[in-house]
Amino acid sequence: MKKMDLLYEGKAKKVYKTEDENLYIVSYKDDATAFNGLKKGTISEKGSINNRVSNHLMKLLESKGIPTHLVEEINDRETIVKKVEIVPLEVIVRNIAAGSLSKRLGLEEGTKLRRTVLEYCYKNDALGDPMINEYHILALDLAKEEELDRIAELSFKINEVLTDYLKDVNIELIDFKLEFGRTPQGEIILADEISPDTCRFWDSNTKEKLDKDRFRRDLGNVEGAYQEILRRLIGE
Ligand code: C5P
């Protein structure tokens with residue numbers, strides 16, 4: 001399958017049309033940004049690691065009955081995905097306090113939450129992706145009520161599957177961000193990516209950070225952390 005017109009270029013990925021109107025090709029970049037684009041850099045091999053890690057986890061989710069956009073990995077950096085209309089929400093799932101939650105509520109990073117927390121942000125760069133709740137989502141018609149129920153149901157299920165799976169390779173799933181899309185038939189499916197860019201992964205024993213926080217916080221050995229995730233998940 002060939003790449004045709006560039007449809008969209010984001011901070012970490014490009015999306016191309018293909019000759020099949022129902023399929024797109026996603027191409028992962030090594031560019032890294034943080035703090036809504038204020039911090040910029042590149043992480044060597046990030047594109048190919050995120051592509052492979054994300055596809056590996058999406059395959060796992062598919063095997064557990066979660067519908068995803070994944071069709072086929074065509075090379076290290078590129079994957080064929082189903083065409084969807086992205087629901088303009090970042091769905092954040094949290095098991096352990098960290099990042100903006102720790103800051104907002106004064107919780108020490110690493111504090112276990114008594115139950116899983118779901119948060120929504122409005123995907124809007126100009127506004128800096130503000131946090132919103134279900135009422136805002138329905139009031140602004142960002143999603144229908146049935147769609148939002150399905151998004152929440154899938155997010156909790158994804159959390160269970162990933163948490164269990166990662167435990168076996170000694171990774172604690174602290175929190176992560178998901179995006180969903182609508183197929184032309186109106187089905188809600190998981191889209192975007194699941195990678196060290198979009199998840200907090202801590203080593204279960206040492207609590208070492210193996211994710212994009214190493215870039216955001218200048219912790220060093222960013223590439224090594226991404227490689228380590230690839231190694232634990234895929235064995236490369
Ligand atoms: O920064 P914060 O603590 O709200 O991030 C929660 C989770 O969502 C983290 O795993 C982070 O990597 C992810 N996230 C993301 N893209 C954003 C914001 C957060 O992938 N724009």
# chains A, B, ... in the order shown; residues from 1 in each chain; ligands from 1
$ residues_around --residues "region 45-51 of chain A" --least-positions-apart "5" --cutoff "6 Å" --atoms "only C-alpha atoms" --output "list in words"
Tyr28, Lys29, Asp30, Asp76, Arg77 and Ser195 of chain A
$ residues_near_ligand --ligand "ligand 1" --cutoff "7 Å" --atoms "only C-alpha atoms and all ligand atoms" --output "list in words"
Ile92, Ala98, Gly99, Ser100, Leu101, Asp175, Phe176, Lys177, Asp197, Thr198, Cys199, Arg200 and Lys212 of chain A
$ write_last_selection --atoms "all heavy atoms" --output "compact mmCIF listing (two decimals), in the first residue's frame"
# COMPACT_ATOMS: atom_id res chain seq x y z
N ILE A 92 -7.57 10.34 30.10
CA ILE A 92 -6.43 9.99 30.96
C ILE A 92 -6.89 9.02 32.05
O ILE A 92 -7.91 9.27 32.71
CB ILE A 92 -5.80 11.27 31.55
CG1 ILE A 92 -5.26 12.08 30.37
CG2 ILE A 92 -4.70 10.93 32.56
CD1 ILE A 92 -4.59 13.35 30.71
N ALA A 98 0.66 10.95 39.92
CA ALA A 98 1.91 11.47 39.34
C ALA A 98 1.55 12.70 38.51
O ALA A 98 0.35 13.01 38.35
CB ALA A 98 2.57 10.41 38.44
N GLY A 99 2.57 13.38 38.01
CA GLY A 99 2.37 14.45 37.05
C GLY A 99 1.39 15.52 37.49
O GLY A 99 1.42 15.99 38.62
N SER A 100 0.49 15.88 36.57
CA SER A 100 -0.41 17.01 36.84
C SER A 100 -1.39 16.71 37.98
O SER A 100 -1.84 17.63 38.67
CB SER A 100 -1.16 17.43 35.57
OG SER A 100 -2.10 16.45 35.21
N LEU A 101 -1.72 15.45 38.19
CA LEU A 101 -2.64 15.13 39.30
C LEU A 101 -1.95 15.39 40.65
O LEU A 101 -2.55 15.96 41.57
CB LEU A 101 -3.09 13.67 39.23
CG LEU A 101 -4.06 13.28 40.35
CD1 LEU A 101 -5.47 13.77 40.05
CD2 LEU A 101 -4.08 11.78 40.58
N ASP A 175 -0.04 5.77 34.83
CA ASP A 175 -1.16 6.46 34.17
C ASP A 175 -0.90 6.44 32.67
O ASP A 175 0.19 6.08 32.22
CB ASP A 175 -1.33 7.90 34.70
CG ASP A 175 -0.08 8.75 34.53
OD1 ASP A 175 0.69 8.52 33.59
OD2 ASP A 175 0.13 9.66 35.36
N PHE A 176 -1.91 6.82 31.90
CA PHE A 176 -1.74 6.87 30.44
C PHE A 176 -2.86 7.65 29.81
O PHE A 176 -3.87 7.92 30.44
CB PHE A 176 -1.65 5.45 29.83
CG PHE A 176 -2.83 4.55 30.13
CD1 PHE A 176 -3.85 4.37 29.21
CD2 PHE A 176 -2.91 3.89 31.35
CE1 PHE A 176 -4.92 3.54 29.49
CE2 PHE A 176 -3.98 3.04 31.64
CZ PHE A 176 -4.98 2.87 30.71
N LYS A 177 -2.61 8.02 28.54
CA LYS A 177 -3.58 8.79 27.77
C LYS A 177 -4.07 8.00 26.58
O LYS A 177 -3.27 7.33 25.90
CB LYS A 177 -2.88 10.07 27.29
CG LYS A 177 -3.78 11.08 26.63
CD LYS A 177 -3.70 11.19 25.14
CE LYS A 177 -2.37 11.17 24.49
NZ LYS A 177 -2.44 11.33 23.01
N ASP A 197 5.63 7.54 25.12
CA ASP A 197 5.25 8.95 25.00
C ASP A 197 3.94 9.25 25.72
O ASP A 197 3.69 10.38 26.12
CB ASP A 197 5.04 9.34 23.52
CG ASP A 197 6.30 9.86 22.85
OD1 ASP A 197 7.38 9.73 23.43
OD2 ASP A 197 6.16 10.39 21.72
N THR A 198 3.08 8.26 25.81
CA THR A 198 1.71 8.51 26.28
C THR A 198 1.36 7.79 27.59
O THR A 198 0.22 7.88 28.04
CB THR A 198 0.69 8.07 25.20
OG1 THR A 198 0.81 6.66 25.00
CG2 THR A 198 0.91 8.81 23.88
N CYS A 199 2.33 7.06 28.12
CA CYS A 199 2.09 6.32 29.37
C CYS A 199 3.19 6.67 30.37
O CYS A 199 4.30 7.02 29.97
CB CYS A 199 2.19 4.81 29.16
SG CYS A 199 1.09 4.12 27.93
N ARG A 200 2.90 6.53 31.65
CA ARG A 200 3.99 6.50 32.64
C ARG A 200 4.23 5.04 33.00
O ARG A 200 3.31 4.36 33.49
CB ARG A 200 3.64 7.32 33.89
CG ARG A 200 3.73 8.81 33.66
CD ARG A 200 3.78 9.64 34.94
NE ARG A 200 4.05 11.03 34.62
CZ ARG A 200 3.11 11.95 34.43
NH1 ARG A 200 1.84 11.65 34.60
NH2 ARG A 200 3.44 13.18 34.10
N LYS A 212 8.42 9.09 28.90
CA LYS A 212 8.73 10.44 28.43
C LYS A 212 9.05 11.43 29.56
O LYS A 212 9.61 12.50 29.30
CB LYS A 212 7.57 10.95 27.59
CG LYS A 212 7.91 12.15 26.74
CD LYS A 212 6.75 12.46 25.81
CE LYS A 212 6.89 13.84 25.23
NZ LYS A 212 5.66 14.21 24.50
$ select_by_dssp --residues "region 37-174 of chain A" --states "helix (DSSP H, G or I)" --output "JSON, numbers by chain"
{"A": [46, 47, 48, 49, 50, 51, 52, 53, 54, 55, 56, 57, 58, 59, 60, 61, 62, 63, 99, 100, 101, 102, 103, 104, 105, 125, 126, 127, 134, 135, 136, 137, 138, 139, 145, 146, 147, 148, 149, 150, 151, 152, 153, 154, 155, 156, 157, 158, 159, 160, 161, 162, 163, 164, 165, 166, 167]}
$ residues_around --residues "region 133-141 of chain A" --least-positions-apart "5" --cutoff "10 Å" --atoms "only C-alpha atoms" --output "short mmCIF file (atom, residue, chain, number, x, y, z; two decimals) with C-alpha atoms, in the first residue's frame"
data_model
loop_
_atom_site.label_atom_id
_atom_site.label_comp_id
_atom_site.auth_asym_id
_atom_site.auth_seq_id
_atom_site.Cartn_x
_atom_site.Cartn_y
_atom_site.Cartn_z
CA PRO A 88 -11.48 15.50 20.36
CA LEU A 89 -10.75 14.17 23.83
CA LEU A 118 -10.63 8.88 34.63
CA GLU A 119 -10.06 12.42 33.39
CA TYR A 120 -10.91 14.11 30.11
CA CYS A 121 -9.08 16.94 28.37
CA TYR A 122 -10.43 18.85 25.40
CA LEU A 148 -18.91 8.64 26.20
CA ASP A 149 -20.24 5.62 28.11
#
$ residues_around --residues "Phe156 (chain A)" --least-positions-apart "4" --cutoff "10 Å" --atoms "only C-alpha atoms" --output "VMD selection string"
chain A and resid 93 116 to 118 151 to 152 160 to 161
$ write_last_selection --atoms "C-alpha atoms" --output "PDB file, in the first residue's frame"
ATOM      1  CA  VAL A  93      -6.499   6.889  33.140  1.00  0.00           C
ATOM      2  CA  THR A 116      -8.888   4.256  39.100  1.00  0.00           C
ATOM      3  CA  VAL A 117      -9.394   7.878  38.097  1.00  0.00           C
ATOM      4  CA  LEU A 118     -10.627   8.877  34.634  1.00  0.00           C
ATOM      5  CA  ILE A 151     -15.237   5.361  25.887  1.00  0.00           C
ATOM      6  CA  ALA A 152     -15.258   5.020  29.683  1.00  0.00           C
ATOM      7  CA  GLU A 160      -7.086  -3.869  33.342  1.00  0.00           C
ATOM      8  CA  VAL A 161      -5.550  -5.645  30.350  1.00  0.00           C
TER       9      VAL A 161
END
